[in-house]
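Here is target06.cif, consisting of mmCIF, N, CA and C atoms:
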```cif
data_upload
loop_
_atom_site.group_PDB
_atom_site.id
_atom_site.type_symbol
_atom_site.label_atom_id
_atom_site.label_comp_id
_atom_site.auth_asym_id
_atom_site.auth_seq_id
_atom_site.Cartn_x
_atom_site.Cartn_y
_atom_site.Cartn_z
ATOM 1 N N MET A 221 -69.037 76.772 -36.848
ATOM 2 C CA MET A 221 -67.843 77.214 -36.146
ATOM 3 C C MET A 221 -66.639 77.016 -37.059
ATOM 4 N N ASN A 222 -65.775 78.003 -37.077
ATOM 5 C CA ASN A 222 -64.548 77.956 -37.871
ATOM 6 C C ASN A 222 -63.357 77.725 -36.967
ATOM 7 N N GLU A 223 -62.291 77.240 -37.537
ATOM 8 C CA GLU A 223 -61.046 77.061 -36.800
ATOM 9 C C GLU A 223 -59.945 77.847 -37.490
ATOM 10 N N ILE A 224 -59.069 78.431 -36.684
ATOM 11 C CA ILE A 224 -57.893 79.090 -37.234
ATOM 12 C C ILE A 224 -56.670 78.569 -36.496
ATOM 13 N N SER A 225 -55.558 78.612 -37.168
ATOM 14 C CA SER A 225 -54.299 78.216 -36.548
ATOM 15 C C SER A 225 -53.437 79.446 -36.357
ATOM 16 N N ILE A 226 -52.741 79.484 -35.223
ATOM 17 C CA ILE A 226 -51.788 80.565 -34.995
ATOM 18 C C ILE A 226 -50.417 79.938 -34.805
ATOM 19 N N MET A 227 -49.408 80.663 -35.203
ATOM 20 C CA MET A 227 -48.042 80.151 -35.117
ATOM 21 C C MET A 227 -47.321 80.662 -33.872
ATOM 22 N N THR A 228 -47.992 81.509 -33.104
ATOM 23 C CA THR A 228 -47.407 82.072 -31.894
ATOM 24 C C THR A 228 -48.066 81.436 -30.677
ATOM 25 N N GLU A 229 -47.574 81.752 -29.503
ATOM 26 C CA GLU A 229 -48.132 81.200 -28.270
ATOM 27 C C GLU A 229 -49.565 81.672 -28.048
ATOM 28 N N TYR A 230 -49.851 82.916 -28.431
ATOM 29 C CA TYR A 230 -51.183 83.482 -28.241
ATOM 30 C C TYR A 230 -51.411 84.620 -29.227
ATOM 31 N N ILE A 231 -52.666 85.076 -29.299
ATOM 32 C CA ILE A 231 -53.035 86.259 -30.061
ATOM 33 C C ILE A 231 -53.977 87.062 -29.168
ATOM 34 N N LYS A 232 -53.842 88.370 -29.183
ATOM 35 C CA LYS A 232 -54.718 89.199 -28.353
ATOM 36 C C LYS A 232 -56.125 89.216 -28.947
ATOM 37 N N LEU A 233 -57.101 89.306 -28.052
ATOM 38 C CA LEU A 233 -58.500 89.218 -28.460
ATOM 39 C C LEU A 233 -58.866 90.225 -29.538
ATOM 40 N N ASP A 234 -58.495 91.483 -29.378
ATOM 41 C CA ASP A 234 -58.871 92.476 -30.386
ATOM 42 C C ASP A 234 -58.218 92.179 -31.728
ATOM 43 N N SER A 235 -56.994 91.679 -31.702
ATOM 44 C CA SER A 235 -56.302 91.309 -32.939
ATOM 45 C C SER A 235 -56.965 90.106 -33.609
ATOM 46 N N LEU A 236 -57.438 89.173 -32.809
ATOM 47 C CA LEU A 236 -58.116 87.987 -33.350
ATOM 48 C C LEU A 236 -59.398 88.384 -34.070
ATOM 49 N N LEU A 237 -60.166 89.274 -33.472
ATOM 50 C CA LEU A 237 -61.420 89.703 -34.107
ATOM 51 C C LEU A 237 -61.155 90.352 -35.458
ATOM 52 N N LYS A 238 -60.123 91.167 -35.520
ATOM 53 C CA LYS A 238 -59.772 91.822 -36.781
ATOM 54 C C LYS A 238 -59.200 90.804 -37.778
ATOM 55 N N TYR A 239 -58.305 89.947 -37.329
ATOM 56 C CA TYR A 239 -57.656 88.951 -38.189
ATOM 57 C C TYR A 239 -58.672 88.015 -38.838
ATOM 58 N N THR A 240 -59.677 87.600 -38.076
ATOM 59 C CA THR A 240 -60.669 86.663 -38.599
ATOM 60 C C THR A 240 -61.773 87.335 -39.392
ATOM 61 N N GLY A 241 -61.806 88.677 -39.357
ATOM 62 C CA GLY A 241 -62.845 89.399 -40.081
ATOM 63 C C GLY A 241 -64.146 89.511 -39.305
ATOM 64 N N MET A 242 -64.144 89.085 -38.062
ATOM 65 C CA MET A 242 -65.345 89.201 -37.237
ATOM 66 C C MET A 242 -65.635 90.676 -36.947
ATOM 67 N N ALA A 243 -64.595 91.496 -36.930
ATOM 68 C CA ALA A 243 -64.724 92.952 -36.813
ATOM 69 C C ALA A 243 -63.946 93.560 -37.972
ATOM 70 N N GLU A 244 -64.530 94.536 -38.625
ATOM 71 C CA GLU A 244 -63.900 95.112 -39.817
ATOM 72 C C GLU A 244 -62.634 95.900 -39.495
ATOM 73 N N THR A 245 -62.609 96.531 -38.334
ATOM 74 C CA THR A 245 -61.441 97.324 -37.955
ATOM 75 C C THR A 245 -61.064 97.043 -36.504
ATOM 76 N N GLY A 246 -59.861 97.432 -36.154
ATOM 77 C CA GLY A 246 -59.430 97.283 -34.773
ATOM 78 C C GLY A 246 -60.264 98.135 -33.830
ATOM 79 N N GLY A 247 -60.674 99.304 -34.301
ATOM 80 C CA GLY A 247 -61.509 100.190 -33.489
ATOM 81 C C GLY A 247 -62.856 99.566 -33.176
ATOM 82 N N LEU A 248 -63.456 98.923 -34.179
ATOM 83 C CA LEU A 248 -64.735 98.242 -33.951
ATOM 84 C C LEU A 248 -64.561 97.060 -33.007
ATOM 85 N N ALA A 249 -63.446 96.371 -33.129
ATOM 86 C CA ALA A 249 -63.159 95.243 -32.235
ATOM 87 C C ALA A 249 -63.052 95.724 -30.796
ATOM 88 N N LYS A 250 -62.303 96.789 -30.587
ATOM 89 C CA LYS A 250 -62.118 97.331 -29.237
ATOM 90 C C LYS A 250 -63.437 97.791 -28.637
ATOM 91 N N GLU A 251 -64.275 98.431 -29.437
ATOM 92 C CA GLU A 251 -65.570 98.910 -28.961
ATOM 93 C C GLU A 251 -66.488 97.743 -28.590
ATOM 94 N N ALA A 252 -66.511 96.709 -29.419
ATOM 95 C CA ALA A 252 -67.350 95.539 -29.137
ATOM 96 C C ALA A 252 -66.906 94.851 -27.848
ATOM 97 N N ILE A 253 -65.609 94.740 -27.649
ATOM 98 C CA ILE A 253 -65.083 94.112 -26.430
ATOM 99 C C ILE A 253 -65.460 94.962 -25.219
ATOM 100 N N LYS A 254 -65.260 96.255 -25.322
ATOM 101 C CA LYS A 254 -65.566 97.182 -24.225
ATOM 102 C C LYS A 254 -67.045 97.118 -23.842
ATOM 103 N N ASN A 255 -67.917 96.929 -24.828
ATOM 104 C CA ASN A 255 -69.364 96.884 -24.599
ATOM 105 C C ASN A 255 -69.862 95.521 -24.135
ATOM 106 N N GLY A 256 -68.949 94.555 -23.976
ATOM 107 C CA GLY A 256 -69.348 93.239 -23.489
ATOM 108 C C GLY A 256 -70.055 92.376 -24.527
ATOM 109 N N GLU A 257 -69.778 92.606 -25.795
ATOM 110 C CA GLU A 257 -70.428 91.873 -26.882
ATOM 111 C C GLU A 257 -69.666 90.624 -27.312
ATOM 112 N N VAL A 258 -68.476 90.411 -26.757
ATOM 113 C CA VAL A 258 -67.614 89.305 -27.180
ATOM 114 C C VAL A 258 -67.527 88.266 -26.063
ATOM 115 N N MET A 259 -67.612 86.996 -26.445
ATOM 116 C CA MET A 259 -67.511 85.913 -25.479
ATOM 117 C C MET A 259 -66.262 85.077 -25.765
ATOM 118 N N VAL A 260 -65.553 84.729 -24.702
ATOM 119 C CA VAL A 260 -64.390 83.859 -24.795
ATOM 120 C C VAL A 260 -64.690 82.631 -23.948
ATOM 121 N N ASN A 261 -64.663 81.482 -24.574
ATOM 122 C CA ASN A 261 -64.962 80.223 -23.895
ATOM 123 C C ASN A 261 -66.299 80.276 -23.157
ATOM 124 N N GLY A 262 -67.288 80.906 -23.795
ATOM 125 C CA GLY A 262 -68.634 80.949 -23.246
ATOM 126 C C GLY A 262 -68.898 82.020 -22.204
ATOM 127 N N GLU A 263 -67.922 82.877 -21.927
ATOM 128 C CA GLU A 263 -68.095 83.940 -20.937
ATOM 129 C C GLU A 263 -67.779 85.296 -21.550
ATOM 130 N N VAL A 264 -68.542 86.307 -21.173
ATOM 131 C CA VAL A 264 -68.295 87.664 -21.667
ATOM 132 C C VAL A 264 -66.901 88.109 -21.244
ATOM 133 N N CYS A 265 -66.178 88.698 -22.177
ATOM 134 C CA CYS A 265 -64.830 89.186 -21.898
ATOM 135 C C CYS A 265 -64.745 90.655 -22.312
ATOM 136 N N THR A 266 -64.303 91.513 -21.385
ATOM 137 C CA THR A 266 -64.172 92.937 -21.679
ATOM 138 C C THR A 266 -62.708 93.385 -21.678
ATOM 139 N N MET A 267 -61.795 92.422 -21.738
ATOM 140 C CA MET A 267 -60.359 92.744 -21.782
ATOM 141 C C MET A 267 -59.859 92.602 -23.213
ATOM 142 N N ARG A 268 -59.587 93.730 -23.867
ATOM 143 C CA ARG A 268 -59.184 93.658 -25.275
ATOM 144 C C ARG A 268 -57.825 92.997 -25.456
ATOM 145 N N GLY A 269 -56.982 93.038 -24.439
ATOM 146 C CA GLY A 269 -55.665 92.421 -24.518
ATOM 147 C C GLY A 269 -55.647 90.988 -24.041
ATOM 148 N N LYS A 270 -56.820 90.398 -23.818
ATOM 149 C CA LYS A 270 -56.911 89.010 -23.363
ATOM 150 C C LYS A 270 -56.125 88.112 -24.315
ATOM 151 N N LYS A 271 -55.287 87.256 -23.748
ATOM 152 C CA LYS A 271 -54.471 86.357 -24.566
ATOM 153 C C LYS A 271 -55.298 85.126 -24.936
ATOM 154 N N ILE A 272 -55.510 84.946 -26.223
ATOM 155 C CA ILE A 272 -56.264 83.808 -26.727
ATOM 156 C C ILE A 272 -55.257 82.769 -27.183
ATOM 157 N N ARG A 273 -55.388 81.576 -26.621
ATOM 158 C CA ARG A 273 -54.429 80.496 -26.888
ATOM 159 C C ARG A 273 -55.118 79.322 -27.587
ATOM 160 N N SER A 274 -54.330 78.373 -28.016
ATOM 161 C CA SER A 274 -54.856 77.179 -28.664
ATOM 162 C C SER A 274 -55.899 76.519 -27.769
ATOM 163 N N GLY A 275 -57.039 76.196 -28.343
ATOM 164 C CA GLY A 275 -58.126 75.562 -27.606
ATOM 165 C C GLY A 275 -59.211 76.528 -27.180
ATOM 166 N N ASP A 276 -58.922 77.828 -27.204
ATOM 167 C CA ASP A 276 -59.921 78.827 -26.830
ATOM 168 C C ASP A 276 -60.899 79.052 -27.976
ATOM 169 N N SER A 277 -62.142 79.382 -27.617
ATOM 170 C CA SER A 277 -63.136 79.736 -28.626
ATOM 171 C C SER A 277 -63.640 81.144 -28.344
ATOM 172 N N VAL A 278 -63.891 81.868 -29.418
ATOM 173 C CA VAL A 278 -64.344 83.257 -29.336
ATOM 174 C C VAL A 278 -65.591 83.398 -30.188
ATOM 175 N N SER A 279 -66.620 84.044 -29.627
ATOM 176 C CA SER A 279 -67.828 84.284 -30.409
ATOM 177 C C SER A 279 -68.209 85.752 -30.341
ATOM 178 N N PHE A 280 -68.694 86.241 -31.466
ATOM 179 C CA PHE A 280 -69.094 87.639 -31.591
ATOM 180 C C PHE A 280 -70.015 87.784 -32.785
ATOM 181 N N ASN A 281 -71.110 88.483 -32.583
ATOM 182 C CA ASN A 281 -72.001 88.844 -33.680
ATOM 183 C C ASN A 281 -72.464 87.628 -34.489
ATOM 184 N N GLY A 282 -72.771 86.540 -33.801
ATOM 185 C CA GLY A 282 -73.259 85.341 -34.478
ATOM 186 C C GLY A 282 -72.189 84.458 -35.100
ATOM 187 N N ASN A 283 -70.935 84.815 -34.939
ATOM 188 C CA ASN A 283 -69.826 84.025 -35.477
ATOM 189 C C ASN A 283 -69.021 83.440 -34.335
ATOM 190 N N GLU A 284 -68.482 82.250 -34.561
ATOM 191 C CA GLU A 284 -67.625 81.629 -33.552
ATOM 192 C C GLU A 284 -66.390 81.061 -34.222
ATOM 193 N N VAL A 285 -65.255 81.206 -33.553
ATOM 194 C CA VAL A 285 -63.996 80.674 -34.077
ATOM 195 C C VAL A 285 -63.255 80.001 -32.932
ATOM 196 N N THR A 286 -62.608 78.885 -33.252
ATOM 197 C CA THR A 286 -61.782 78.176 -32.294
ATOM 198 C C THR A 286 -60.341 78.246 -32.764
ATOM 199 N N VAL A 287 -59.438 78.525 -31.825
ATOM 200 C CA VAL A 287 -58.017 78.638 -32.143
ATOM 201 C C VAL A 287 -57.368 77.283 -31.974
ATOM 202 N N ARG A 288 -56.557 76.894 -32.950
ATOM 203 C CA ARG A 288 -55.818 75.625 -32.903
ATOM 204 C C ARG A 288 -54.344 75.885 -33.033
#
```

The structure in this file should be written as structure tokens.
Amino acid sequence: MNEISIMTEYIKLDSLLKYTGMAETGGLAKEAIKNGEVMVNGEVCTMRGKKIRSGDSVSFNGNEVTVR
């Protein structure tokens, strides 16, 4: 599991996937979220605009990242 730090209050889920390299493009991130392939805090999330805050963990395609 990797950790990343954000300087803002939150980051949107699709932006996080692209920022961390878990998805190569924003389009791929949006498609993966829409298809229910992304988990936030252990639960499937299909909201691409989901606000990810410090302490949240996101997993996709065998990778997991925690926001600090």

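One finds CA of Gly275 (chain A) at 13.4 Å from CA of Met227 (chain A).
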
Could you list, as number ranges by chain, every residue within 8 Å of region 277-287 of chain A, counting all atoms listed in the file and ignoring same-chain residues fewer than 2 positions away? A: 221-226, 242-243, 257-263, 272-275

Tell me which residues the PyMOL selection byres (((chain A and resi 238 and name CA) around 12) and name CA) grabs here, as an NGL selection string. :A and (231-237 or 239-250 or 252-253 or 268 or 280)

If you run DSSP over the backbone, which residues in chain A end up alpha helix (DSSP H)? Put them as a PyMOL selection string. chain A and resi 233-240+246-254

Using DSSP on the backbone coordinates, identify all residues within chain A classified as strand (DSSP E); present the result as JSON, numbers by chain. {"A": [222, 223, 224, 231, 232, 258, 259, 260, 263, 264, 271, 272, 277, 278, 279, 280, 283, 284, 285, 286, 287]}
